[in-house]
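Trainee: Structure file coords-v1.cif (mmCIF, C-alpha atoms and all ligand atoms) is given on the next line.
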data_protein
#
loop_
_atom_site.label_atom_id
_atom_site.label_comp_id
_atom_site.auth_asym_id
_atom_site.auth_seq_id
_atom_site.Cartn_x
_atom_site.Cartn_y
_atom_site.Cartn_z
CA MET A 1 -15.99 -4.25 10.35
CA ALA A 2 -17.70 -4.17 13.72
CA GLN A 3 -16.32 -1.54 16.07
CA GLY A 4 -13.68 -2.95 18.37
CA SER A 5 -13.28 -6.19 16.41
CA ILE A 6 -9.99 -7.33 14.87
CA PRO A 7 -10.04 -6.88 11.08
CA SER A 8 -9.64 -9.90 8.84
CA VAL A 9 -7.60 -9.96 5.64
CA PHE A 10 -7.30 -12.46 2.78
CA ILE A 11 -4.36 -12.30 0.38
CA ASP A 12 -5.59 -13.66 -2.96
CA GLY A 13 -2.38 -14.87 -4.61
CA GLU A 14 -0.56 -15.51 -1.34
CA ALA A 15 1.70 -18.10 -2.99
CA GLY A 16 3.19 -15.59 -5.46
CA THR A 17 6.17 -13.27 -5.03
CA THR A 18 4.23 -10.20 -3.87
CA GLY A 19 1.74 -12.22 -1.78
CA LEU A 20 4.46 -14.16 0.04
CA GLN A 21 6.30 -10.96 0.90
CA ILE A 22 3.13 -9.45 2.35
CA VAL A 23 2.56 -12.58 4.44
CA GLU A 24 6.14 -12.29 5.69
CA ARG A 25 5.65 -8.64 6.60
CA LEU A 26 2.50 -9.49 8.55
CA GLN A 27 4.14 -12.25 10.62
CA GLY A 28 3.78 -11.55 14.30
CA ARG A 29 0.95 -9.04 13.93
CA SER A 30 -1.83 -9.51 16.45
CA ASP A 31 -3.91 -6.53 15.28
CA LEU A 32 -5.39 -8.42 12.32
CA VAL A 33 -6.42 -11.95 11.37
CA LEU A 34 -4.99 -13.40 8.18
CA ARG A 35 -7.41 -15.77 6.46
CA SER A 36 -6.41 -18.29 3.80
CA LEU A 37 -7.75 -20.89 1.37
CA PRO A 38 -6.47 -24.47 1.20
CA PRO A 39 -3.94 -24.70 -1.67
CA GLU A 40 -6.26 -26.94 -3.73
CA HIS A 41 -8.97 -24.24 -3.67
CA ARG A 42 -6.84 -21.14 -4.17
CA LYS A 43 -8.07 -20.63 -7.75
CA ASP A 44 -11.64 -21.82 -7.14
CA PRO A 45 -14.07 -18.89 -7.66
CA ALA A 46 -16.77 -20.39 -5.40
CA ALA A 47 -14.32 -20.88 -2.52
CA LYS A 48 -13.04 -17.36 -3.06
CA ARG A 49 -16.55 -15.91 -3.03
CA ASP A 50 -17.35 -17.56 0.31
CA LEU A 51 -14.15 -16.29 1.90
CA PHE A 52 -14.52 -12.81 0.36
CA ALA A 53 -17.89 -12.54 2.11
CA GLU A 54 -16.26 -13.20 5.50
CA VAL A 55 -13.32 -10.79 5.46
CA ASP A 56 -12.91 -7.02 5.73
CA LEU A 57 -10.15 -6.62 3.14
CA VAL A 58 -8.87 -8.69 0.22
CA ILE A 59 -5.39 -7.92 -1.11
CA LEU A 60 -5.16 -9.05 -4.75
CA CYS A 61 -1.65 -10.27 -5.66
CA LEU A 62 -2.65 -11.77 -8.98
CA PRO A 63 -1.99 -11.32 -12.68
CA ASP A 64 -4.20 -8.58 -14.18
CA ALA A 65 -6.84 -10.91 -15.66
CA ALA A 66 -7.25 -12.82 -12.39
CA ALA A 67 -7.41 -9.52 -10.47
CA LYS A 68 -10.29 -8.38 -12.70
CA GLU A 69 -12.09 -11.71 -12.15
CA ALA A 70 -11.62 -11.42 -8.38
CA THR A 71 -12.97 -7.86 -8.49
CA ALA A 72 -16.09 -9.14 -10.26
CA VAL A 73 -16.50 -11.84 -7.61
CA ALA A 74 -16.35 -9.16 -4.89
CA ALA A 75 -18.80 -6.89 -6.75
CA GLY A 76 -21.23 -9.82 -6.99
CA LEU A 77 -21.43 -9.88 -3.19
CA GLY A 78 -23.17 -6.50 -3.04
CA ASP A 79 -23.38 -5.29 0.56
CA ARG A 80 -21.19 -8.15 1.77
CA ALA A 81 -18.31 -7.21 -0.56
CA PRO A 82 -14.95 -6.76 1.17
CA ARG A 83 -12.78 -3.73 0.52
CA LEU A 84 -10.11 -4.40 -2.11
CA LEU A 85 -6.43 -3.52 -2.42
CA ASP A 86 -5.17 -4.56 -5.86
CA ALA A 87 -1.42 -5.01 -6.41
CA SER A 88 -1.84 -5.64 -10.14
CA THR A 89 -1.82 -3.11 -12.97
CA ALA A 90 -5.52 -3.62 -13.73
CA HIS A 91 -7.07 -0.63 -11.93
CA ARG A 92 -4.34 1.95 -11.43
CA VAL A 93 -5.79 4.68 -13.66
CA ASP A 94 -9.40 3.65 -13.09
CA PRO A 95 -11.26 6.64 -11.58
CA ASP A 96 -13.28 4.30 -9.36
CA TRP A 97 -10.10 3.25 -7.56
CA VAL A 98 -7.88 5.37 -5.31
CA TYR A 99 -4.19 5.30 -6.20
CA GLY A 100 -2.19 3.81 -3.33
CA VAL A 101 0.64 6.31 -2.96
CA PRO A 102 -0.15 8.02 0.36
CA GLU A 103 2.59 10.63 -0.22
CA LEU A 104 1.17 11.62 -3.65
CA ALA A 105 -0.58 14.76 -2.46
CA PRO A 106 -2.09 16.27 0.68
CA GLY A 107 -5.19 14.26 1.56
CA GLN A 108 -4.18 11.15 -0.38
CA ALA A 109 -3.57 9.08 2.78
CA ALA A 110 -7.05 10.02 4.00
CA ARG A 111 -8.55 9.09 0.61
CA ILE A 112 -6.86 5.68 0.82
CA ALA A 113 -8.06 5.22 4.40
CA ALA A 114 -11.67 5.78 3.33
CA ALA A 115 -11.67 4.04 -0.07
CA PRO A 116 -13.52 0.82 -0.81
CA ARG A 117 -11.01 0.09 -3.58
CA VAL A 118 -7.34 0.99 -3.67
CA ALA A 119 -4.88 0.29 -6.50
CA ASN A 120 -1.38 -0.39 -5.21
CA PRO A 121 1.16 1.39 -7.45
CA GLY A 122 3.72 -0.15 -9.79
CA CYS A 123 7.31 -0.26 -8.59
CA TYR A 124 8.81 1.96 -11.33
CA PRO A 125 6.00 4.56 -11.20
CA THR A 126 6.42 4.81 -7.43
CA GLY A 127 9.94 6.15 -7.99
CA GLY A 128 9.11 8.22 -11.09
CA ILE A 129 5.98 9.86 -9.70
CA LEU A 130 7.57 10.70 -6.35
CA LEU A 131 10.39 12.46 -8.25
CA LEU A 132 8.31 14.28 -10.86
CA ARG A 133 5.00 15.31 -9.35
CA PRO A 134 6.36 17.83 -6.80
CA LEU A 135 8.32 19.59 -9.55
CA VAL A 136 5.28 19.80 -11.83
CA GLU A 137 3.11 21.02 -8.94
CA ALA A 138 5.71 23.66 -8.02
CA GLY A 139 5.63 24.93 -11.62
CA LEU A 140 9.32 24.12 -12.09
CA LEU A 141 8.84 21.25 -14.55
CA PRO A 142 6.52 22.15 -17.45
CA ALA A 143 3.81 19.50 -17.82
CA ASP A 144 4.82 19.07 -21.48
CA TYR A 145 8.56 18.65 -20.74
CA PRO A 146 9.90 15.73 -22.82
CA VAL A 147 10.57 13.49 -19.82
CA ALA A 148 12.67 10.33 -20.18
CA VAL A 149 12.70 7.81 -17.33
CA ASN A 150 15.45 5.19 -17.15
CA ALA A 151 15.29 2.44 -14.57
CA VAL A 152 16.85 -0.80 -13.43
CA SER A 153 15.16 -3.47 -11.32
CA GLY A 154 16.16 -6.69 -9.64
CA TYR A 155 14.69 -9.75 -11.34
CA SER A 156 12.09 -10.43 -8.60
CA GLY A 157 10.11 -7.61 -10.28
CA GLY A 158 9.16 -10.14 -12.95
CA GLY A 159 7.53 -12.50 -10.42
CA LYS A 160 7.95 -16.27 -10.17
CA ALA A 161 8.67 -16.79 -13.87
CA MET A 162 11.56 -14.31 -13.99
CA ILE A 163 12.96 -15.52 -10.67
CA ALA A 164 13.05 -19.06 -12.09
CA ALA A 165 14.73 -17.83 -15.28
CA PHE A 166 17.53 -16.16 -13.29
CA GLU A 167 17.93 -18.66 -10.46
CA GLU A 168 17.11 -22.02 -12.02
CA ALA A 169 17.30 -21.96 -15.80
CA GLY A 170 20.60 -20.06 -15.64
CA ASP A 171 20.14 -18.70 -19.17
CA ALA A 172 19.14 -15.14 -18.25
CA PRO A 173 21.43 -12.30 -19.35
CA ALA A 174 23.48 -10.37 -16.78
CA PHE A 175 21.63 -7.21 -17.77
CA GLU A 176 19.11 -6.22 -20.41
CA LEU A 177 16.96 -3.31 -21.53
CA TYR A 178 13.33 -4.12 -22.20
CA GLY A 179 10.10 -2.25 -22.88
CA LEU A 180 11.74 -0.97 -26.04
CA GLY A 181 8.39 -1.04 -27.85
CA LEU A 182 7.67 2.03 -25.64
CA GLU A 183 4.40 0.49 -24.42
CA HIS A 184 5.40 -0.63 -20.93
CA LYS A 185 2.34 -1.24 -18.73
CA HIS A 186 3.48 1.38 -16.21
CA LEU A 187 3.37 4.32 -18.63
CA PRO A 188 -0.29 5.31 -18.07
CA GLU A 189 0.03 5.61 -14.29
CA LEU A 190 3.48 7.22 -14.55
CA GLN A 191 2.18 9.96 -16.84
CA HIS A 192 -1.17 10.44 -15.11
CA TYR A 193 -0.05 10.76 -11.50
CA SER A 194 3.09 12.75 -12.35
CA GLY A 195 0.82 15.35 -13.95
CA LEU A 196 2.57 15.22 -17.33
CA SER A 197 0.68 16.22 -20.46
CA ARG A 198 3.31 14.62 -22.74
CA ARG A 199 3.80 10.85 -22.61
CA PRO A 200 7.24 10.14 -21.10
CA ILE A 201 9.74 7.81 -22.72
CA PHE A 202 10.34 4.93 -20.29
CA VAL A 203 13.29 2.56 -20.65
CA PRO A 204 13.32 -0.12 -17.93
CA SER A 205 16.03 -2.72 -17.50
CA VAL A 206 16.64 -5.78 -15.39
CA GLY A 207 19.89 -7.00 -13.89
CA ASP A 208 21.18 -10.21 -12.33
CA PHE A 209 20.35 -9.27 -8.74
CA ARG A 210 17.20 -10.35 -6.94
CA GLN A 211 15.82 -7.19 -5.43
CA GLY A 212 16.32 -3.43 -5.52
CA MET A 213 15.64 -0.61 -7.95
CA LEU A 214 16.86 2.73 -9.28
CA VAL A 215 14.65 5.09 -11.31
CA SER A 216 16.34 8.10 -12.90
CA VAL A 217 15.21 11.17 -14.85
CA PRO A 218 17.72 13.42 -16.64
CA LEU A 219 16.77 17.11 -16.92
CA HIS A 220 18.12 20.11 -18.86
CA LEU A 221 17.75 22.98 -16.40
CA ASP A 222 17.38 25.70 -19.03
CA LEU A 223 14.20 23.97 -20.27
CA LEU A 224 12.63 24.18 -16.80
CA ASN A 225 10.67 27.23 -15.65
CA GLY A 226 12.99 29.86 -14.16
CA ARG A 227 16.11 27.72 -14.77
CA PRO A 228 16.21 26.33 -11.22
CA SER A 229 19.49 25.10 -9.75
CA PRO A 230 19.86 21.44 -8.72
CA ALA A 231 19.70 22.71 -5.12
CA ALA A 232 16.33 24.36 -5.85
CA LEU A 233 14.97 21.06 -7.22
CA GLU A 234 16.18 19.26 -4.09
CA ALA A 235 14.57 21.93 -1.89
CA ALA A 236 11.26 21.53 -3.74
CA LEU A 237 11.31 17.77 -3.12
CA SER A 238 12.33 18.21 0.54
CA SER A 239 9.53 20.62 1.20
CA TYR A 240 6.94 18.40 -0.56
CA TYR A 241 7.82 15.35 1.53
CA ALA A 242 8.52 17.10 4.85
CA GLY A 243 7.29 14.87 7.67
CA GLN A 244 6.80 11.77 5.50
CA GLU A 245 8.02 8.61 7.17
CA PHE A 246 8.82 6.54 4.10
CA VAL A 247 10.07 9.11 1.57
CA ARG A 248 13.47 10.63 2.23
CA VAL A 249 15.20 13.34 0.24
CA VAL A 250 18.90 12.67 0.60
CA PRO A 251 21.77 14.98 -0.44
CA ALA A 252 23.52 13.50 -3.50
CA GLU A 253 27.09 12.33 -2.91
CA PRO A 254 29.55 14.30 -5.06
CA ALA A 255 31.21 11.06 -6.24
CA GLY A 256 28.07 10.44 -8.28
CA LYS A 257 27.56 6.70 -7.79
CA LEU A 258 24.48 4.84 -6.55
CA GLU A 259 23.68 1.13 -6.24
CA PRO A 260 20.15 -0.30 -6.13
CA GLU A 261 20.10 -2.75 -3.21
CA ALA A 262 20.69 -0.57 -0.11
CA LEU A 263 16.99 -0.26 0.83
CA ASN A 264 16.07 -3.92 0.39
CA GLY A 265 13.75 -5.19 3.08
CA THR A 266 12.48 -1.70 3.93
CA ASN A 267 9.49 0.37 2.90
CA LEU A 268 11.64 3.42 2.18
CA VAL A 269 12.25 5.46 -0.96
CA GLU A 270 15.25 7.77 -1.21
CA LEU A 271 15.17 10.68 -3.64
CA ARG A 272 18.34 12.42 -4.80
CA VAL A 273 19.11 15.27 -7.18
CA TYR A 274 22.50 15.01 -8.87
CA GLY A 275 23.45 18.05 -10.88
CA SER A 276 25.97 20.33 -12.47
CA GLU A 277 25.15 24.00 -12.12
CA ALA A 278 27.89 24.80 -14.64
CA ARG A 279 26.50 22.39 -17.25
CA GLY A 280 22.90 23.31 -16.53
CA GLN A 281 22.00 19.64 -16.08
CA ALA A 282 20.47 17.47 -13.36
CA VAL A 283 19.54 13.83 -12.84
CA LEU A 284 16.80 12.91 -10.38
CA VAL A 285 17.17 9.44 -8.88
CA ALA A 286 14.82 7.34 -6.73
CA ARG A 287 16.11 4.26 -4.92
CA LEU A 288 13.68 1.69 -3.51
CA ASP A 289 13.11 -2.01 -2.97
CA ASN A 290 10.90 -3.15 -5.85
CA LEU A 291 9.28 -5.64 -3.46
CA GLY A 292 9.19 -3.13 -0.57
CA LYS A 293 7.87 0.35 -1.30
CA GLY A 294 7.50 -0.90 -4.89
CA ALA A 295 5.00 -3.66 -4.00
CA SER A 296 4.51 -5.52 -0.72
CA GLY A 297 5.73 -2.79 1.65
CA ALA A 298 3.42 -0.30 -0.06
CA ALA A 299 0.57 -2.81 0.17
CA VAL A 300 1.08 -3.17 3.93
CA GLN A 301 1.27 0.63 4.28
CA ASN A 302 -2.02 0.97 2.38
CA MET A 303 -3.60 -1.89 4.31
CA ASN A 304 -2.69 -0.19 7.60
CA LEU A 305 -4.33 3.01 6.40
CA MET A 306 -7.46 1.23 5.14
CA LEU A 307 -7.92 -0.69 8.38
CA GLY A 308 -6.87 2.14 10.70
CA LEU A 309 -3.94 0.11 12.07
CA GLU A 310 -1.56 2.99 12.60
CA GLY A 311 0.15 1.40 15.58
CA ALA A 312 1.53 -1.31 13.34
CA ALA A 313 3.39 1.15 11.12
CA SER A 314 6.52 0.66 13.19
CA LEU A 315 6.87 -2.83 11.72
CA GLU A 316 7.39 -1.17 8.35
CA ARG A 317 10.14 1.14 9.54
CA ALA A 318 13.67 0.67 8.37
CA ALA A 319 15.96 -1.16 10.74
N1 LIG A 401 7.01 -8.73 -8.40
C1 LIG A 401 6.92 -7.41 -8.25
O1 LIG A 401 7.92 -6.69 -8.01
C2 LIG A 401 5.61 -6.73 -8.38
C3 LIG A 401 4.45 -7.36 -8.80
N2 LIG A 401 3.27 -6.66 -8.84
C4 LIG A 401 2.03 -7.22 -9.33
O2 LIG A 401 1.51 -8.13 -8.37
C5 LIG A 401 0.80 -9.16 -9.04
C6 LIG A 401 1.43 -10.48 -8.65
O3 LIG A 401 2.76 -10.46 -9.14
P1 LIG A 401 3.89 -11.42 -8.62
O4 LIG A 401 3.64 -11.74 -7.20
O5 LIG A 401 5.18 -10.82 -9.01
O6 LIG A 401 3.58 -12.68 -9.56
P2 LIG A 401 3.85 -14.22 -9.31
O7 LIG A 401 3.81 -14.83 -10.66
O8 LIG A 401 5.08 -14.39 -8.49
O9 LIG A 401 2.61 -14.66 -8.45
C7 LIG A 401 1.27 -14.64 -8.91
C8 LIG A 401 0.51 -15.68 -8.11
O10 LIG A 401 -0.88 -15.62 -8.47
C9 LIG A 401 -1.34 -16.96 -8.61
N3 LIG A 401 -2.55 -16.97 -9.41
C10 LIG A 401 -2.70 -16.83 -10.76
N4 LIG A 401 -4.00 -16.87 -11.10
C11 LIG A 401 -4.70 -17.03 -9.93
C12 LIG A 401 -6.07 -17.12 -9.60
N5 LIG A 401 -7.03 -17.07 -10.54
N6 LIG A 401 -6.42 -17.27 -8.30
C13 LIG A 401 -5.48 -17.35 -7.32
N7 LIG A 401 -4.16 -17.27 -7.57
C14 LIG A 401 -3.78 -17.11 -8.86
C15 LIG A 401 -0.18 -17.66 -9.26
O11 LIG A 401 -0.35 -19.04 -9.13
P3 LIG A 401 0.66 -20.09 -9.82
O12 LIG A 401 1.78 -20.18 -8.85
O13 LIG A 401 -0.14 -21.33 -9.91
O14 LIG A 401 1.05 -19.51 -11.12
C16 LIG A 401 0.99 -17.10 -8.45
O15 LIG A 401 1.17 -17.81 -7.24
C17 LIG A 401 0.91 -8.91 -10.54
O16 LIG A 401 -0.24 -8.25 -11.00
C18 LIG A 401 2.14 -8.03 -10.63
O17 LIG A 401 2.05 -7.26 -11.79
C19 LIG A 401 3.23 -5.39 -8.41
C20 LIG A 401 4.34 -4.73 -7.99
C21 LIG A 401 5.63 -5.34 -8.02
C1 LIG A 402 11.74 -6.54 -13.79
C2 LIG A 402 10.31 -6.61 -14.26
O1 LIG A 402 9.95 -7.37 -15.14
N1 LIG A 402 9.46 -5.78 -13.68
C3 LIG A 402 8.05 -5.73 -14.00
C4 LIG A 402 7.35 -4.69 -13.20
C5 LIG A 402 7.11 -5.04 -11.79
C6 LIG A 402 5.93 -4.32 -11.22
O2 LIG A 402 5.93 -3.35 -10.52
O3 LIG A 402 4.81 -4.74 -11.70
P1 LIG A 402 3.39 -4.24 -11.51
O4 LIG A 402 3.01 -3.32 -12.57
O5 LIG A 402 2.56 -5.41 -11.57
O6 LIG A 402 3.30 -3.52 -10.26
C7 LIG A 402 7.82 -5.38 -15.46
O7 LIG A 402 8.51 -4.53 -15.99
O8 LIG A 402 6.81 -5.85 -16.00
#
Now, as a test, write the supplied structure out as C-alpha cells.

Mentor:
Amino acid sequence: MAQGSIPSVFIDGEAGTTGLQIVERLQGRSDLVLRSLPPEHRKDPAAKRDLFAEVDLVILCLPDAAAKEATAVAAGLGDRAPRLLDASTAHRVDPDWVYGVPELAPGQAARIAAAPRVANPGCYPTGGILLLRPLVEAGLLPADYPVAVNAVSGYSGGGKAMIAAFEEAGDAPAFELYGLGLEHKHLPELQHYSGLSRRPIFVPSVGDFRQGMLVSVPLHLDLLNGRPSPAALEAALSSYYAGQEFVRVVPAEPAGKLEPEALNGTNLVELRVYGSEARGQAVLVARLDNLGKGASGAAVQNMNLMLGLEGAASLERAA
C-alpha cells in the first residue's frame, strides 16, 4: 500500500452470511475502498486472481476448501499477493498464520497489525479462549484440567444453509445439541490458544433464534491451584483484560440467569464468573454475537489493525 493512499479491500464470499455482515459494517466508511466482482464471476479463479493483484487485503468468507483455493491463488501472485484475513476454519492453528484475537495476549494486536496472513477466530473459541487462557496463564487453572465447554448459538452460525432450514423449510428443531461425535472443528483452536494440554470436551447446541451466543465452562474450585474463590477468578479476568475496548468482565447477577441475544449487533464480549463459595463451584460464561465478535465484527477489528485504520474503530463500538 503506497503511503498516504486509501487501502483497498475485497471480500471473497461477500454474498454469504459473514461476508454480507462485513459489507454492512463497512457501509459509510471513507477510509477504505471496497472492491467487488460481478456476481457471474464471483467463483471464477482467473477473475479473482486479477482482482487479488489489485487490492491490499482480501477477506476470505468462504467454506474451508474454497478458502484454501483462494490462498493458493494469492500465493501464486508472489510479490503482488494481497494480505489475507481468513474467516474460515482452514488456517486457525497453522503456524504461518496469526490468530485474529487481538486480546489473546500482550503483543497480539501488534502481531495482527504486521501479519501478511491472519486467521479470524471461530465464534465458540472466541468465548472459550477469552475465558480460559487468563486462568491458565495465571496458574489458577492447571493446563491438564478436564475442561468441558457447553455452548449455544443462534442458527446464523450455520451460514446460509442453516438459516434457510430455520426460516424457510420450517422443519428445524427448537433446540438441539450437536457435535456429539466430539470432533467439532473448533476443538483444535480452542485447546491450542487456551493453553490446555488436555483436549476439552465441547458440546455446542443451536436454538431457534437467529443470532447470539453463550459459551460456558463449569469448574470445581478444589481442583484449581490454590482453590481460588469465584471472586479471585473474576479478578484474574478483569486484570487480564484491563483497558480492552471489546472485552468486558461483568459482575454476575445473583439471580443466575443469562440470555444470549443482548450483544447482537455489537463487537463486544462479556465475561462473567458465576459461583458458589460454599459449594466450591464456579461457571464461567461468555456472551457474544456469533456474527459480531464471533465473526464479522472480529474481522472488521482485525482489518482495522492490519490496515492501520484505528480511527474507524468507533464504528465498531456498542451503541
Ligand atoms: N456464520 C457464522 O457465524 C460464522 C462463519 N464463519 C466462517 O465463515 C465462512 C463463511 O461462512 P458463512 O458466511 O456462514 O457461510 P455461507 O454459506 O452463508 O456463505 C458462504 C458464501 O461463500 C460462497 N462461495 C462458496 N464457494 C465459493 C468460491 N469458490 N468463490 C466465491 N464464493 C464462494 C457461497 O456461495 P453460494 O451462495 O453460491 O453457496 C456463499 O455465498 C465459513 O468458513 C464459516 O465457517 C466464521 C465464523 C462465524
Ligand atoms: C450453529 C453452528 O452451526 N455453528 C457453526 C460454527 C460457526 C462458526 O464460528 O464457524 P467457523 O468455524 O467457520 O468460524 C458450527 O458449529 O459449525

Trainee: (19.7, -13.4, -12.4) in this file's frame - what residues fall within 6 Å of it? Use only C-alpha atoms and give the answer as an NGL selection string.

Mentor: :A and (166-167 or 208-209)

Trainee: Please identify every polymer residue within 6 Å of ligand LIG 402 (chain A), using all atoms listed in the file, and present the set as a list of chain:residue names.

Mentor: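 Residues lying within 6 Å of ligand LIG 402 (chain A): A:Ser88, A:Thr89, A:Gly122, A:Cys123, A:Ser153, A:Tyr155, A:Gly157, A:Gly158, A:His186, A:Val206.
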
Trainee: Limited to C-alpha atoms, could you put the picked residues into a file as a PDB file, in the coordinates of the input?

Mentor:
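Done, and the output landed in out_19.pdb:
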ATOM      1  CA  SER A  88      -1.840  -5.640 -10.140  1.00  0.00           C
ATOM      2  CA  THR A  89      -1.820  -3.110 -12.970  1.00  0.00           C
ATOM      3  CA  GLY A 122       3.720  -0.150  -9.790  1.00  0.00           C
ATOM      4  CA  CYS A 123       7.310  -0.260  -8.590  1.00  0.00           C
ATOM      5  CA  SER A 153      15.160  -3.470 -11.320  1.00  0.00           C
ATOM      6  CA  TYR A 155      14.690  -9.750 -11.340  1.00  0.00           C
ATOM      7  CA  GLY A 157      10.110  -7.610 -10.280  1.00  0.00           C
ATOM      8  CA  GLY A 158       9.160 -10.140 -12.950  1.00  0.00           C
ATOM      9  CA  HIS A 186       3.480   1.380 -16.210  1.00  0.00           C
ATOM     10  CA  VAL A 206      16.640  -5.780 -15.390  1.00  0.00           C
TER      11      VAL A 206
END

Trainee: When you draw a straight line from CA of Leu219 in chain A to CA of Arg248 in chain A, how long is it in Å?

Mentor: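 Those two atoms sit 20.5 Å apart.
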
Trainee: Ligand LIG 401 (chain A): which residues are within 9 Å, counting only C-alpha atoms and all ligand atoms, as a ChimeraX atom specification?

Mentor: /A:12-21,41-45,48,60-67,69-70,86-90,120-124,153-163,211,289-292,294-296

Trainee: Have a look at A:Leu196, A:Ser205, A:Ala74, A:Val147 and name the one nearest to Ala174 in chain A; count only C-alpha atoms.

Mentor: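 Closest candidate: A:Ser205.
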
Trainee: Using CA of Ala81 in chain A and CA of Met303 in chain A as the two end points, give the distance in Å to one decimal.

Mentor: 16.4 Å

Trainee: In Å to one decimal, how far is CA of Leu180 in chain A from CA of Leu233 in chain A?

Mentor: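 Separating CA of Leu233 in chain A from CA of Leu180 in chain A is a distance of 29.2 Å.
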
Trainee: Which is closer to Arg29 in chain A than all the others in A:Ala298, A:Leu258, A:Ser8, A:Ala232, using all atoms listed in the file?

Mentor: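 Distance minimum relative to Arg29 in chain A lands on A:Ser8.
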
Trainee: Could you tell me which of A:Asp79, A:Glu54, A:Glu234, A:Asp31 comes closest to Leu132 in chain A if we count only C-alpha atoms?

Mentor: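 Among the listed residues, A:Glu234 lies closest to Leu132 in chain A.
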
Trainee: Find, counting all atoms listed in the file, the residue in A:Pro106, A:Arg198, A:Pro38, A:Gly181 that gets nearest to Gly243 in chain A.

Mentor: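 The shortest atom-to-atom distance to Gly243 in chain A comes from A:Pro106.
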
Trainee: Calculated over all atoms listed in the file, which of the candidates A:Ala299, A:Pro146, A:Arg279, A:Leu268 has the smallest distance to Val58 in chain A?

Mentor: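 That would be A:Ala299, the residue with the smallest distance to Val58 in chain A.
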
Trainee: Considering only C-alpha atoms, can you say which of A:Ala47, A:Val283, A:Ile129, A:Leu77 comes closest to Gly100 in chain A?

Mentor: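 Distance minimum relative to Gly100 in chain A lands on A:Ile129.
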
Trainee: Could you check which residues have any atom within 9 Å of (23.2, 13.1, -12.7), counting all atoms listed in the file with coordinates taken straight from the file, and then list them as JSON, numbers by chain?

Mentor: {"A": [216, 217, 218, 219, 256, 273, 274, 275, 276, 281, 282, 283, 284, 285]}

Trainee: Show which residues sit within 8 Å of Tyr99 in chain A, as a list in words. Count all atoms listed in the file, and ignore same-chain residues fewer than 4 positions away.

Mentor: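 Contacts, in chain order: Arg92, Val93, Ile112, Val118, Ala119, Asn120 and Pro121 of chain A.
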
Trainee: Enclose all atoms of range 149-158 of chain A listed in the file in an axis-aligned box, grow every side by 4 Å, and hand back centre and edge lengths in Å to one decimal, as lines of an AutoDock Vina configuration file.

Mentor:
center_x = 13.0
center_y = -1.3
center_z = -13.0
size_x = 15.7
size_y = 26.2
size_z = 16.7

Trainee: I'd like the contact shell of Leu34 in chain A - 12 Å cut-off, all atoms listed in the file, skipping same-chain residues fewer than 6 positions apart - returned as a list of chain:residue names.

Mentor: A:Ile6, A:Pro7, A:Ser8, A:Val9, A:Phe10, A:Ile11, A:Asp12, A:Glu14, A:Ile22, A:Val23, A:Glu24, A:Arg25, A:Leu26, A:Gln27, A:Gly28, A:Leu51, A:Glu54, A:Val55, A:Asp56, A:Leu57, A:Val58, A:Ile59
